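**Q** To be precise about what I am sending: the file is called model.cif and holds mmCIF, C-alpha atoms.
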```cif
data_my_file
#
loop_
_atom_site.label_atom_id
_atom_site.label_comp_id
_atom_site.auth_asym_id
_atom_site.auth_seq_id
_atom_site.Cartn_x
_atom_site.Cartn_y
_atom_site.Cartn_z
CA MET Z 1 0.00 0.00 0.00
CA ASN Z 2 1.35 3.43 -0.90
CA ASP Z 3 2.39 5.66 1.96
CA GLN Z 4 -0.50 8.09 2.17
CA ASN Z 5 -0.42 8.64 5.90
CA THR Z 6 1.25 12.00 5.80
CA GLY Z 7 0.31 14.98 7.87
CA LYS Z 8 -2.42 15.11 10.44
CA ARG Z 9 -5.27 12.63 10.00
CA GLU Z 10 -8.38 14.62 10.80
CA GLY Z 11 -11.93 13.45 11.02
CA SER Z 12 -11.33 9.68 11.05
CA LEU Z 13 -13.66 9.25 14.03
CA ASP Z 14 -16.27 11.71 12.83
CA ALA Z 15 -19.59 10.69 11.28
CA PRO Z 16 -19.33 9.95 7.55
CA ILE Z 17 -20.33 12.70 5.17
CA ARG Z 18 -21.23 12.48 1.51
CA HIS Z 19 -19.94 14.83 -1.19
CA PRO Z 20 -22.22 15.84 -4.07
CA ILE Z 21 -21.99 13.71 -7.19
CA LYS Z 22 -20.50 15.97 -9.87
CA TRP Z 23 -22.05 14.04 -12.71
CA GLN Z 24 -22.84 17.16 -14.76
CA ASP Z 25 -19.17 18.19 -14.86
CA PRO Z 26 -17.52 17.01 -18.13
CA GLU Z 27 -14.43 16.02 -16.10
CA TYR Z 28 -16.55 13.43 -14.30
CA TYR Z 29 -16.33 11.33 -17.50
CA ASN Z 30 -12.53 11.56 -17.88
CA GLU Z 31 -11.49 7.91 -18.02
CA THR Z 32 -7.80 8.67 -17.42
CA ASP Z 33 -8.62 10.45 -14.15
CA LEU Z 34 -11.02 7.65 -13.24
CA PHE Z 35 -8.31 5.02 -13.52
CA LYS Z 36 -5.94 7.08 -11.37
CA GLU Z 37 -8.58 7.30 -8.67
CA LEU Z 38 -9.47 3.61 -9.02
CA GLU Z 39 -5.83 2.71 -8.50
CA ARG Z 40 -5.57 4.97 -5.46
CA VAL Z 41 -8.72 3.62 -3.81
CA TYR Z 42 -8.01 0.00 -4.76
CA ASP Z 43 -4.61 0.38 -3.12
CA ILE Z 44 -6.20 1.61 0.10
CA CYS Z 45 -8.74 -1.21 0.05
CA HIS Z 46 -6.01 -3.78 -0.60
CA GLY Z 47 -4.10 -2.58 2.47
CA CYS Z 48 -7.20 -2.67 4.67
CA ARG Z 49 -9.44 -5.55 3.51
CA ARG Z 50 -12.11 -4.93 6.15
CA CYS Z 51 -14.89 -5.16 3.54
CA VAL Z 52 -14.01 -8.61 2.23
CA SER Z 53 -17.22 -10.18 3.58
CA LEU Z 54 -19.70 -7.62 2.23
CA CYS Z 55 -20.04 -8.40 -1.47
CA ASN Z 56 -17.99 -9.87 -4.30
CA ALA Z 57 -16.39 -6.59 -5.41
CA PHE Z 58 -13.76 -6.81 -2.70
CA PRO Z 59 -12.84 -10.52 -3.03
CA THR Z 60 -12.55 -9.88 -6.79
CA LEU Z 61 -10.14 -7.00 -6.16
CA PHE Z 62 -8.08 -8.88 -3.61
CA ASP Z 63 -7.82 -11.97 -5.83
CA LEU Z 64 -6.62 -9.79 -8.71
CA VAL Z 65 -3.95 -8.30 -6.46
CA ASP Z 66 -2.87 -11.59 -4.89
CA GLU Z 67 -2.61 -13.32 -8.27
CA SER Z 68 -0.62 -10.49 -9.90
CA LEU Z 69 3.15 -10.63 -10.39
CA THR Z 70 3.81 -7.91 -7.82
CA MET Z 71 0.99 -8.90 -5.42
CA GLU Z 72 0.20 -5.19 -5.29
CA VAL Z 73 -2.33 -3.07 -7.15
CA ASP Z 74 0.34 -1.94 -9.63
CA GLY Z 75 0.48 -5.54 -10.87
CA VAL Z 76 -3.22 -5.61 -11.82
CA ALA Z 77 -4.05 -4.96 -15.47
CA LYS Z 78 -6.11 -1.82 -15.89
CA GLU Z 79 -8.76 -3.61 -17.98
CA ASP Z 80 -9.34 -5.90 -14.98
CA TYR Z 81 -10.40 -2.92 -12.88
CA TRP Z 82 -13.80 -3.26 -14.53
CA LYS Z 83 -14.27 -6.70 -12.98
CA VAL Z 84 -14.46 -5.02 -9.58
CA VAL Z 85 -16.94 -2.44 -10.87
CA ASP Z 86 -19.18 -5.21 -12.22
CA HIS Z 87 -19.68 -6.67 -8.74
CA CYS Z 88 -20.60 -3.42 -6.98
CA TYR Z 89 -24.35 -2.90 -6.78
CA LEU Z 90 -24.20 0.28 -4.70
CA CYS Z 91 -25.53 -1.20 -1.45
CA ASP Z 92 -23.45 1.44 0.40
CA LEU Z 93 -22.62 -0.87 3.30
CA CYS Z 94 -18.86 -0.52 2.86
CA TYR Z 95 -19.22 3.25 3.14
CA MET Z 96 -21.62 3.26 6.06
CA THR Z 97 -20.49 0.30 8.16
CA LYS Z 98 -16.91 -0.73 7.40
CA CYS Z 99 -14.60 1.80 5.78
CA PRO Z 100 -12.51 3.91 8.23
CA TYR Z 101 -11.32 6.22 5.45
CA VAL Z 102 -14.56 7.83 4.31
CA PRO Z 103 -14.82 11.64 4.37
CA PRO Z 104 -14.08 13.65 6.45
CA HIS Z 105 -10.97 11.44 6.63
CA GLU Z 106 -8.25 12.98 4.46
CA TRP Z 107 -8.06 9.88 2.23
CA ASN Z 108 -11.60 10.67 1.11
CA VAL Z 109 -12.66 7.15 0.09
CA ASP Z 110 -16.18 6.77 -1.27
CA PHE Z 111 -16.04 3.35 -2.89
CA PRO Z 112 -19.72 3.13 -3.98
CA HIS Z 113 -19.74 6.53 -5.66
CA LEU Z 114 -16.42 5.81 -7.35
CA MET Z 115 -18.01 2.65 -8.74
CA LEU Z 116 -20.99 4.78 -9.80
CA GLN Z 117 -18.64 7.09 -11.69
CA ALA Z 118 -17.08 4.12 -13.46
CA LYS Z 119 -20.53 2.80 -14.40
CA ALA Z 120 -21.51 6.26 -15.67
CA ILE Z 121 -18.40 6.46 -17.87
CA ARG Z 122 -19.07 3.00 -19.27
CA HIS Z 123 -22.67 4.01 -19.98
CA GLU Z 124 -21.57 7.20 -21.74
CA GLN Z 125 -19.26 5.07 -23.88
CA GLY Z 126 -22.25 2.95 -24.97
CA ARG Z 127 -20.88 -0.25 -23.44
CA ASP Z 128 -23.98 -1.39 -21.53
CA LYS Z 129 -25.47 -4.76 -22.43
CA LEU Z 130 -28.92 -4.74 -24.01
CA ARG Z 131 -30.11 -7.10 -21.27
CA ASP Z 132 -29.07 -4.62 -18.59
CA LYS Z 133 -30.82 -1.75 -20.34
CA VAL Z 134 -34.00 -3.80 -20.47
CA LEU Z 135 -33.84 -5.06 -16.88
CA THR Z 136 -33.45 -1.52 -15.55
CA SER Z 137 -36.38 -0.18 -17.60
CA THR Z 138 -38.90 -1.15 -14.95
CA ASP Z 139 -41.69 1.17 -16.08
CA ALA Z 140 -41.54 -0.12 -19.64
CA ILE Z 141 -41.45 -3.76 -18.54
CA GLY Z 142 -44.33 -3.25 -16.13
CA SER Z 143 -46.50 -1.42 -18.65
CA ILE Z 144 -46.27 -4.38 -21.03
CA ALA Z 145 -46.06 -7.31 -18.62
CA GLY Z 146 -48.91 -5.92 -16.51
CA ILE Z 147 -51.47 -6.09 -19.32
CA PRO Z 148 -54.17 -8.77 -18.76
CA VAL Z 149 -53.38 -12.05 -20.54
CA ILE Z 150 -49.83 -10.84 -21.15
CA ALA Z 151 -49.27 -10.85 -17.38
CA GLN Z 152 -50.39 -14.46 -17.10
CA THR Z 153 -48.24 -15.41 -20.09
CA VAL Z 154 -45.15 -13.69 -18.68
CA ASN Z 155 -45.65 -15.35 -15.30
CA ALA Z 156 -46.07 -18.76 -16.94
CA VAL Z 157 -42.92 -18.32 -19.04
CA ASN Z 158 -40.94 -17.14 -16.02
CA ASN Z 159 -41.89 -20.34 -14.19
CA ASN Z 160 -41.26 -22.73 -17.07
CA ALA Z 161 -37.97 -24.62 -16.77
CA TRP Z 162 -37.53 -25.05 -20.53
CA ALA Z 163 -38.21 -21.37 -21.21
CA ARG Z 164 -35.82 -20.35 -18.45
CA LYS Z 165 -33.00 -22.36 -19.98
CA ILE Z 166 -33.55 -20.53 -23.26
CA MET Z 167 -33.51 -17.19 -21.41
CA ASP Z 168 -30.23 -18.20 -19.82
CA LYS Z 169 -28.60 -18.98 -23.17
CA THR Z 170 -30.02 -16.06 -25.14
CA ILE Z 171 -30.32 -13.04 -22.85
CA GLY Z 172 -28.38 -14.05 -19.75
CA ILE Z 173 -31.16 -14.51 -17.16
CA HIS Z 174 -30.16 -17.32 -14.80
CA PRO Z 175 -32.63 -20.26 -14.83
CA ASP Z 176 -32.61 -20.55 -11.02
CA ALA Z 177 -33.19 -16.87 -10.29
CA LYS Z 178 -36.62 -16.05 -8.93
CA LEU Z 179 -38.30 -13.49 -11.17
CA PRO Z 180 -41.03 -11.13 -9.93
CA GLU Z 181 -44.66 -11.94 -10.57
CA PHE Z 182 -46.71 -9.42 -12.55
CA HIS Z 183 -50.27 -8.47 -11.58
CA SER Z 184 -52.65 -7.07 -14.17
CA ASN Z 185 -54.95 -6.16 -11.27
CA ASN Z 186 -52.32 -3.81 -9.94
CA LEU Z 187 -52.37 -1.70 -6.80
CA ARG Z 188 -53.67 1.42 -8.52
CA LYS Z 189 -56.61 -0.50 -9.98
CA ARG Z 190 -57.36 -2.01 -6.57
CA TYR Z 191 -57.09 1.31 -4.80
CA ALA Z 192 -59.41 2.98 -7.32
CA LYS Z 193 -62.11 0.50 -6.25
CA LYS Z 194 -61.33 0.94 -2.55
CA LYS Z 195 -63.90 2.48 -0.25
CA ILE Z 196 -62.50 5.73 1.12
CA THR Z 197 -62.66 5.68 4.91
CA GLY Z 198 -62.90 9.44 5.40
CA ILE Z 199 -60.27 9.45 8.14
CA SER Z 200 -59.64 12.81 9.75
CA ALA Z 201 -55.88 12.99 10.17
CA GLU Z 202 -54.43 14.00 13.52
CA PRO Z 203 -51.06 15.76 13.22
CA GLY Z 204 -48.29 15.22 15.73
CA GLN Z 205 -45.04 16.89 16.70
CA TYR Z 206 -43.04 15.12 13.97
CA THR Z 207 -45.66 13.92 11.48
CA ARG Z 208 -48.68 15.45 9.81
CA GLY Z 209 -50.73 12.26 9.96
CA ARG Z 210 -51.49 12.45 6.24
CA VAL Z 211 -49.46 10.17 4.00
CA ALA Z 212 -49.12 10.01 0.24
CA ILE Z 213 -47.65 6.73 -0.95
CA PHE Z 214 -45.08 6.71 -3.73
CA VAL Z 215 -46.22 3.23 -4.71
CA THR Z 216 -43.16 2.38 -6.85
CA CYS Z 217 -43.23 0.26 -9.98
CA TYR Z 218 -42.64 -2.83 -7.85
CA GLY Z 219 -45.36 -2.06 -5.32
CA ASN Z 220 -47.85 -1.32 -8.06
CA LYS Z 221 -47.45 -4.28 -10.42
CA ASN Z 222 -45.29 -6.86 -8.63
CA ALA Z 223 -46.33 -6.76 -4.97
CA PRO Z 224 -49.69 -4.95 -4.64
CA GLN Z 225 -50.82 -7.01 -1.65
CA ILE Z 226 -47.91 -5.70 0.41
CA VAL Z 227 -48.98 -2.11 -0.21
CA GLU Z 228 -52.59 -3.01 0.59
CA ASP Z 229 -51.41 -4.32 3.95
CA LEU Z 230 -49.40 -1.14 4.51
CA ILE Z 231 -52.47 1.00 3.79
CA ALA Z 232 -54.61 -1.07 6.16
CA VAL Z 233 -52.08 -0.64 8.98
CA PHE Z 234 -51.77 3.09 8.45
CA GLU Z 235 -55.52 3.67 8.30
CA HIS Z 236 -56.01 1.51 11.39
CA ASN Z 237 -53.71 3.97 13.15
CA GLY Z 238 -55.75 7.00 12.11
CA ILE Z 239 -53.38 8.06 9.35
CA GLU Z 240 -55.03 9.48 6.26
CA VAL Z 241 -53.68 7.71 3.16
CA ARG Z 242 -53.69 8.42 -0.55
CA LEU Z 243 -51.58 7.47 -3.53
CA THR Z 244 -49.56 9.93 -5.58
CA ASP Z 245 -51.50 11.04 -8.64
CA SER Z 246 -48.82 9.60 -10.91
CA GLU Z 247 -45.22 8.48 -10.72
CA GLN Z 248 -42.32 6.99 -12.60
CA CYS Z 249 -39.59 4.65 -11.37
CA CYS Z 250 -37.55 6.27 -8.60
CA GLY Z 251 -34.42 5.86 -10.73
CA MET Z 252 -32.47 3.36 -8.63
CA PRO Z 253 -32.18 0.71 -11.39
CA LYS Z 254 -30.84 3.30 -13.84
CA LEU Z 255 -28.50 4.68 -11.16
CA GLU Z 256 -26.99 1.23 -10.73
CA LEU Z 257 -26.52 1.05 -14.51
CA GLY Z 258 -24.77 4.42 -14.52
CA ASP Z 259 -27.47 6.01 -16.67
CA LEU Z 260 -27.58 9.27 -14.74
CA LYS Z 261 -29.47 11.17 -17.41
CA ALA Z 262 -32.32 8.67 -17.00
CA VAL Z 263 -32.24 9.38 -13.26
CA GLU Z 264 -32.56 13.07 -14.09
CA LEU Z 265 -35.63 12.36 -16.22
CA SER Z 266 -37.19 10.46 -13.32
CA ARG Z 267 -36.45 13.38 -11.05
CA ASP Z 268 -38.01 15.80 -13.54
CA PHE Z 269 -41.24 13.81 -13.45
CA ASN Z 270 -41.45 12.71 -9.81
CA ILE Z 271 -40.22 15.70 -7.85
CA PRO Z 272 -42.90 18.18 -9.04
CA GLU Z 273 -45.58 15.59 -8.30
CA LEU Z 274 -44.24 14.99 -4.79
CA VAL Z 275 -43.65 18.68 -4.05
CA LYS Z 276 -47.31 19.45 -4.80
CA LEU Z 277 -48.31 16.85 -2.22
CA VAL Z 278 -45.87 18.13 0.38
CA ASP Z 279 -47.14 21.68 -0.13
CA ASP Z 280 -50.70 20.39 0.29
CA GLY Z 281 -49.84 18.98 3.71
CA TRP Z 282 -48.90 15.37 2.96
CA ASP Z 283 -45.93 13.38 4.22
CA ILE Z 284 -44.43 10.91 1.71
CA ILE Z 285 -43.62 7.23 2.17
CA ALA Z 286 -42.59 4.44 -0.20
CA PRO Z 287 -42.92 0.71 0.50
CA VAL Z 288 -39.50 -0.27 -0.93
CA PRO Z 289 -36.33 0.89 0.90
CA SER Z 290 -34.38 1.53 -2.31
CA CYS Z 291 -36.96 4.08 -3.46
CA VAL Z 292 -36.88 5.90 -0.13
CA LEU Z 293 -33.08 5.98 -0.30
CA MET Z 294 -33.15 7.52 -3.77
CA PHE Z 295 -35.14 10.52 -2.53
CA LYS Z 296 -33.31 10.73 0.79
CA GLN Z 297 -29.75 10.43 -0.51
CA GLU Z 298 -28.88 9.79 -4.14
CA ILE Z 299 -31.07 12.35 -5.92
CA PRO Z 300 -30.16 15.09 -3.40
CA LEU Z 301 -26.46 14.31 -3.95
CA MET Z 302 -26.94 14.51 -7.71
CA PHE Z 303 -28.85 17.81 -7.44
CA PRO Z 304 -27.49 19.46 -4.27
CA SER Z 305 -28.79 22.96 -5.11
CA ASP Z 306 -32.31 21.91 -6.11
CA THR Z 307 -34.60 23.22 -3.36
CA GLN Z 308 -37.52 21.13 -4.60
CA VAL Z 309 -35.45 17.96 -4.25
CA GLN Z 310 -34.50 19.04 -0.74
CA LYS Z 311 -38.16 19.60 0.14
CA VAL Z 312 -38.98 16.01 -0.83
CA GLN Z 313 -35.86 14.77 0.96
CA ASP Z 314 -37.14 16.32 4.19
CA ALA Z 315 -40.66 14.92 3.75
CA ILE Z 316 -40.10 11.28 2.77
CA TYR Z 317 -39.99 8.43 5.29
CA ASP Z 318 -39.51 4.71 5.53
CA PRO Z 319 -42.95 3.33 6.56
CA PHE Z 320 -41.75 1.92 9.86
CA GLU Z 321 -39.76 5.06 10.54
CA TYR Z 322 -43.06 6.91 10.18
CA LEU Z 323 -44.89 4.51 12.49
CA SER Z 324 -42.10 4.92 15.04
CA LEU Z 325 -42.54 8.68 14.97
CA ARG Z 326 -46.29 8.24 15.46
CA HIS Z 327 -45.54 5.99 18.42
CA LYS Z 328 -43.21 8.64 19.84
CA GLU Z 329 -46.08 11.10 19.51
CA GLY Z 330 -48.37 8.71 21.40
CA LYS Z 331 -50.52 8.13 18.33
CA LEU Z 332 -49.76 4.49 17.49
CA LYS Z 333 -52.28 1.86 18.49
CA THR Z 334 -50.69 -0.91 20.56
CA GLU Z 335 -53.75 -3.05 21.17
CA PHE Z 336 -52.83 -6.21 19.28
CA LYS Z 337 -55.08 -9.24 18.90
CA LYS Z 338 -52.52 -11.81 17.82
CA SER Z 339 -48.92 -12.54 18.75
CA LEU Z 340 -46.39 -13.23 16.01
CA GLY Z 341 -44.17 -15.71 17.83
CA LYS Z 342 -40.54 -15.84 16.75
CA VAL Z 343 -39.69 -13.75 13.70
CA ALA Z 344 -36.44 -13.72 11.73
CA TYR Z 345 -36.09 -10.21 10.37
CA HIS Z 346 -33.69 -9.44 7.52
CA ALA Z 347 -32.78 -5.74 7.54
CA PRO Z 348 -32.02 -4.79 3.91
CA CYS Z 349 -28.96 -2.73 3.00
CA HIS Z 350 -30.80 0.23 1.48
CA GLN Z 351 -32.77 0.64 4.67
CA ARG Z 352 -29.79 0.23 7.00
CA VAL Z 353 -27.81 2.97 5.28
CA GLN Z 354 -30.62 5.48 5.87
CA ASN Z 355 -29.37 5.70 9.48
CA ILE Z 356 -32.84 5.49 10.98
CA GLY Z 357 -32.18 2.47 13.19
CA LEU Z 358 -34.10 -0.80 13.24
CA LYS Z 359 -37.57 0.71 13.23
CA THR Z 360 -39.26 -2.37 11.76
CA ARG Z 361 -37.92 -4.45 14.64
CA ASP Z 362 -38.96 -1.84 17.19
CA ILE Z 363 -42.57 -1.70 15.99
CA LEU Z 364 -43.03 -5.46 15.63
CA ALA Z 365 -41.48 -5.95 19.08
CA LEU Z 366 -44.45 -4.04 20.55
CA VAL Z 367 -46.63 -7.06 19.74
CA PRO Z 368 -46.97 -9.22 22.89
CA ASP Z 369 -45.29 -12.64 22.96
CA THR Z 370 -43.24 -11.75 19.89
CA SER Z 371 -39.46 -11.97 19.55
CA ILE Z 372 -37.49 -10.52 16.65
CA ASP Z 373 -34.18 -12.05 15.56
CA VAL Z 374 -32.41 -9.41 13.43
CA ILE Z 375 -30.15 -10.42 10.54
CA GLU Z 376 -27.97 -7.55 9.34
CA ARG Z 377 -26.42 -9.11 6.24
CA CYS Z 378 -26.83 -8.36 2.56
CA SER Z 379 -29.14 -10.68 0.62
CA GLY Z 380 -27.08 -10.16 -2.54
CA HIS Z 381 -30.13 -9.48 -4.70
CA ASP Z 382 -29.87 -5.81 -5.73
CA GLY Z 383 -32.87 -5.98 -8.05
CA THR Z 384 -30.95 -7.10 -11.14
CA TYR Z 385 -27.62 -8.56 -9.96
CA ALA Z 386 -29.16 -11.79 -8.68
CA VAL Z 387 -31.04 -12.57 -11.89
CA LYS Z 388 -28.06 -12.25 -14.25
CA SER Z 389 -26.53 -15.52 -15.39
CA GLU Z 390 -22.96 -14.51 -14.58
CA PHE Z 391 -23.77 -13.25 -11.08
CA HIS Z 392 -26.62 -15.37 -9.73
CA ASN Z 393 -24.51 -18.05 -8.04
CA ILE Z 394 -22.34 -15.37 -6.46
CA SER Z 395 -25.45 -13.56 -5.23
CA MET Z 396 -26.66 -16.75 -3.58
CA LYS Z 397 -23.28 -17.14 -1.90
CA ILE Z 398 -23.60 -13.61 -0.51
CA CYS Z 399 -27.06 -14.53 0.78
CA ARG Z 400 -25.91 -17.81 2.32
CA PRO Z 401 -25.27 -16.43 5.86
CA VAL Z 402 -28.81 -15.05 5.92
CA VAL Z 403 -30.25 -18.33 4.65
CA ASN Z 404 -28.24 -20.42 7.10
CA LYS Z 405 -29.28 -18.33 10.08
CA ILE Z 406 -32.96 -18.75 9.21
CA ARG Z 407 -32.55 -22.42 8.29
CA HIS Z 408 -31.01 -23.29 11.66
CA ALA Z 409 -33.45 -21.22 13.70
CA THR Z 410 -36.91 -22.27 14.71
CA VAL Z 411 -39.02 -19.33 13.60
CA ASP Z 412 -42.68 -18.79 12.87
CA HIS Z 413 -42.02 -16.19 10.18
CA TYR Z 414 -39.15 -14.71 8.23
CA ILE Z 415 -39.45 -11.26 6.73
CA SER Z 416 -37.60 -8.48 4.97
CA ASP Z 417 -38.56 -4.88 4.27
CA CYS Z 418 -37.34 -5.48 0.72
CA PRO Z 419 -39.63 -7.91 -1.14
CA MET Z 420 -36.85 -8.78 -3.59
CA ALA Z 421 -34.53 -9.69 -0.71
CA GLY Z 422 -37.34 -11.85 0.65
CA ASP Z 423 -37.52 -13.67 -2.68
CA GLN Z 424 -33.76 -14.18 -2.64
CA ILE Z 425 -33.85 -15.69 0.84
CA GLU Z 426 -36.78 -17.90 -0.12
CA ASN Z 427 -34.83 -19.06 -3.16
CA GLY Z 428 -31.93 -20.03 -0.92
CA LEU Z 429 -34.03 -21.88 1.64
CA LYS Z 430 -36.00 -23.96 -0.88
CA ASN Z 431 -38.05 -25.47 1.95
CA GLY Z 432 -41.54 -24.43 0.90
CA ASN Z 433 -41.74 -21.59 3.43
CA HIS Z 434 -42.37 -18.18 1.96
CA ALA Z 435 -40.94 -14.80 2.89
CA GLU Z 436 -43.53 -12.43 4.32
CA SER Z 437 -43.80 -8.68 4.49
CA PRO Z 438 -43.54 -6.90 7.84
CA PHE Z 439 -46.64 -4.92 6.81
CA THR Z 440 -48.52 -8.21 6.47
CA LEU Z 441 -47.39 -9.42 9.90
CA LEU Z 442 -48.34 -6.15 11.56
CA ARG Z 443 -51.76 -6.30 9.92
CA GLN Z 444 -52.18 -9.85 11.25
CA ALA Z 445 -51.16 -8.72 14.72
CA TYR Z 446 -53.81 -5.98 14.66
CA GLY Z 447 -56.37 -8.49 13.39
CA ILE Z 448 -57.57 -6.20 10.60
#
```
Mind turning the file's structure into structure tokens?
**A**
Amino acid sequence: MNDQNTGKREGSLDAPIRHPIKWQDPEYYNETDLFKELERVYDICHGCRRCVSLCNAFPTLFDLVDESLTMEVDGVAKEDYWKVVDHCYLCDLCYMTKCPYVPPHEWNVDFPHLMLQAKAIRHEQGRDKLRDKVLTSTDAIGSIAGIPVIAQTVNAVNNNAWARKIMDKTIGIHPDAKLPEFHSNNLRKRYAKKKITGISAEPGQYTRGRVAIFVTCYGNKNAPQIVEDLIAVFEHNGIEVRLTDSEQCCGMPKLELGDLKAVELSRDFNIPELVKLVDDGWDIIAPVPSCVLMFKQEIPLMFPSDTQVQKVQDAIYDPFEYLSLRHKEGKLKTEFKKSLGKVAYHAPCHQRVQNIGLKTRDILALVPDTSIDVIERCSGHDGTYAVKSEFHNISMKICRPVVNKIRHATVDHYISDCPMAGDQIENGLKNGNHAESPFTLLRQAYGI
């Protein structure tokens, strides 16, 4: 490792801070400068190796170093740097939980956002695979696959072993990866038929008691029942609920591809819609942690001077974060009709890095005769990483500690705030037991 420990090391024990993403600066796409920074950061990571157990980006880097002629970063071929980038899916755990050299430390290591820059440069060079462009176009996929008859056909094909082998050979979708189910009777259609309760919202010190749900493409067409359970829980607690009038994908899939202009287009559509709701007195929630994180962190870092983005950033909450605030205000109902027994709770990465604490655990622990066993490990899914032929087996290896902990425990339920992580865990267990949503369990506990 190069000697970079010169001068006074300031800030190494301070809370991590994030610098804005300078993606609109032409120098951001300078590949020569990128490779210099990759070499510098790879060298620091090689000398530290604390993050080896998080994902496959770090084992890939360390194997490249250890197998080189010099056994240092200078012995790694520059074209192999991309192999490390390929395995980073921007979970942010290295930045938030492991790395001692993040800013304000003088070494200024932000591994995930350096990987994002590399992905953005590759995207600008037109080097993305067609498969990856399609997989990250969630609105387009959902608009087609959610059509009646087509939805049933897509679901049938996705569960056909012969068809999956063809998909593996032709487009690179692994035959063992669990693919999301599509619902033609999506959440918006169900909600349009829903009887409005006429709840009169009661504001509190921290919350306004009126929530607009950014349903997300996944919550609308892939997991509508989960959002229905969320709505039932919120209304049971006297919280007025509505959906956003319209929305597009939050932008996380395109962010992970490095297509930052597509993220900007999502911002251009979503932020005005959400700002109108905030100005009309609504708080915002989203049922998927990745979507909340986009509005809390990534979009604000991409557009640090956009006051409208900042307004949404201040008004959006994780659902259980919101329920915890209502509980703090003395406005959460704690009269439960059914215990949940022993629950294995997987805390997903994109929720953990929001720095809100384990709010899902805290709320479910209010249910009498209920114990929550928390698993703070990555599931390795990422939304697209786990379904790709070249990465699926690695993703399952990353998920193995989570699977093993649940497999060797005697639990009544296992859950994750991220439905895709739940699918990944279920795929690893292969025991016939299904992952559940914490919204569903809380609804069961209330008996509603």
**Q** Kindly indicate which residue among Z:Met252, Z:Ile375, Z:Pro16, Z:Arg443 lies nearest to Ala232 (chain Z), using only C-alpha atoms for the distances.
**A**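 Between Z:Met252, Z:Ile375, Z:Pro16, Z:Arg443, the residue approaching Ala232 (chain Z) most closely is Z:Arg443.
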**Q** For this file, the PyMOL selection byres ((chain Z and resi 446) around 7) selects which residues, as a ChimeraX atom specification?
**A** /Z:336-338,442-445,447-448
**Q** Set the distance at 10 Å and use only C-alpha atoms: which residues neighbour Cys250 (chain Z) once local chain neighbours fewer than 5 positions away are removed? I'd like the list as a PyMOL selection string.
**A** chain Z and resi 138-139+214-217+255+263+265-267+269-271+286+290-295+299
**Q** Set the distance at 10 Å and use all atoms listed in the file: which residues neighbour Pro289 (chain Z) once local chain neighbours fewer than 3 positions away are removed? I'd like the list as a ChimeraX atom specification.
**A** /Z:285-286,292-294,317-319,348-354,417-419
**Q** Using the chain letters and residue numbers of this document, give as a ChimeraX atom specification the residues selected by the PyMOL selection byres ((chain Z and resi 49-57) around 6).
**A** /Z:45-46,48,58-60,84,87-88
**Q** When you count all atoms listed in the file, which of these residues is closest to Cys249 (chain Z): Z:Tyr89, Z:Trp282, Z:Tyr191, Z:Tyr218?
**A**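 Under the stated criterion, the closest residue is Z:Tyr218.
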**Q** Return as a PyMOL selection string the set of residues that the PyMOL selection byres ((chain Z and resi 207) around 10) yields on the displayed structure.
**A** chain Z and resi 202-206+208-211+239+282-283+315+322-323+325-326+329
**Q** Mind pulling up the distance from CA of Asp110 (chain Z) to CA of Leu38 (chain Z)?
**A** 10.7 Å
**Q** Kindly give the distance, in Å, that separates CA of Leu340 (chain Z) and CA of Ile372 (chain Z), rounded to a single decimal.
**A**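 Answer for the CA of Leu340 (chain Z) to CA of Ile372 (chain Z) separation: 9.3 Å.
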**Q** Between Z:Pro300, Z:Gly330, Z:Pro287, Z:Gly251, which one has atoms that come closest to Gln225 (chain Z), using all atoms listed in the file?
**A**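 Closest candidate: Z:Pro287.
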**Q** Compare Z:Thr360, Z:Ile171, Z:Arg407, Z:His113 by their minimum atom-to-atom distance to His19 (chain Z), counting all atoms listed in the file, and give me the closest one.
**A**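 Going through Z:Thr360, Z:Ile171, Z:Arg407, Z:His113 one by one, the smallest distance to His19 (chain Z) is for Z:His113.
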**Q** Determine the axis-aligned bounding box of all atoms of region 381-397 of chain Z present in the file, pad each side by 3 Å, and express its centre and edge lengths in Å to one decimal place as JSON.
**A**
```
{"center_x": -27.6, "center_y": -11.9, "center_z": -8.6, "size_x": 16.5, "size_y": 18.2, "size_z": 19.5}
```
**Q** Can you measure CA of Ala118 (chain Z) to CA of Ile394 (chain Z) for me? One decimal in Å is fine.
**A**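 According to the coordinates, CA of Ala118 (chain Z) and CA of Ile394 (chain Z) are separated by 21.4 Å.
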**Q** I'd like to know which of Z:Gln313, Z:Ser137, Z:Ser324, Z:Ser395 is closest to Asn237 (chain Z), using all atoms listed in the file.
**A**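 Once distances to Asn237 (chain Z) are computed over all atoms listed in the file, the minimum belongs to Z:Ser324.
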**Q** Please provide the set of residues having any atom within 9 Å of Ser389 (chain Z), restricted to all atoms listed in the file, with same-chain residues fewer than 6 positions apart removed, written as a PyMOL selection string.
**A** chain Z and resi 168-169+171-175+177
**Q** Asn159 (chain Z): which residues within 10 Å, counting all atoms listed in the file, same-chain residues fewer than 4 positions away excluded, as an mmCIF file with C-alpha atoms, in the frame of the given file?
**A**
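Output (out.cif):
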```cif
data_model
loop_
_atom_site.group_PDB
_atom_site.id
_atom_site.type_symbol
_atom_site.label_atom_id
_atom_site.label_comp_id
_atom_site.auth_asym_id
_atom_site.auth_seq_id
_atom_site.Cartn_x
_atom_site.Cartn_y
_atom_site.Cartn_z
ATOM 1 C CA THR Z 153 -48.240 -15.410 -20.090
ATOM 2 C CA VAL Z 154 -45.150 -13.690 -18.680
ATOM 3 C CA ASN Z 155 -45.650 -15.350 -15.300
ATOM 4 C CA ALA Z 163 -38.210 -21.370 -21.210
ATOM 5 C CA ARG Z 164 -35.820 -20.350 -18.450
ATOM 6 C CA PRO Z 175 -32.630 -20.260 -14.830
ATOM 7 C CA ASP Z 176 -32.610 -20.550 -11.020
ATOM 8 C CA LYS Z 178 -36.620 -16.050 -8.930
ATOM 9 C CA LEU Z 179 -38.300 -13.490 -11.170
ATOM 10 C CA GLU Z 181 -44.660 -11.940 -10.570
#
```
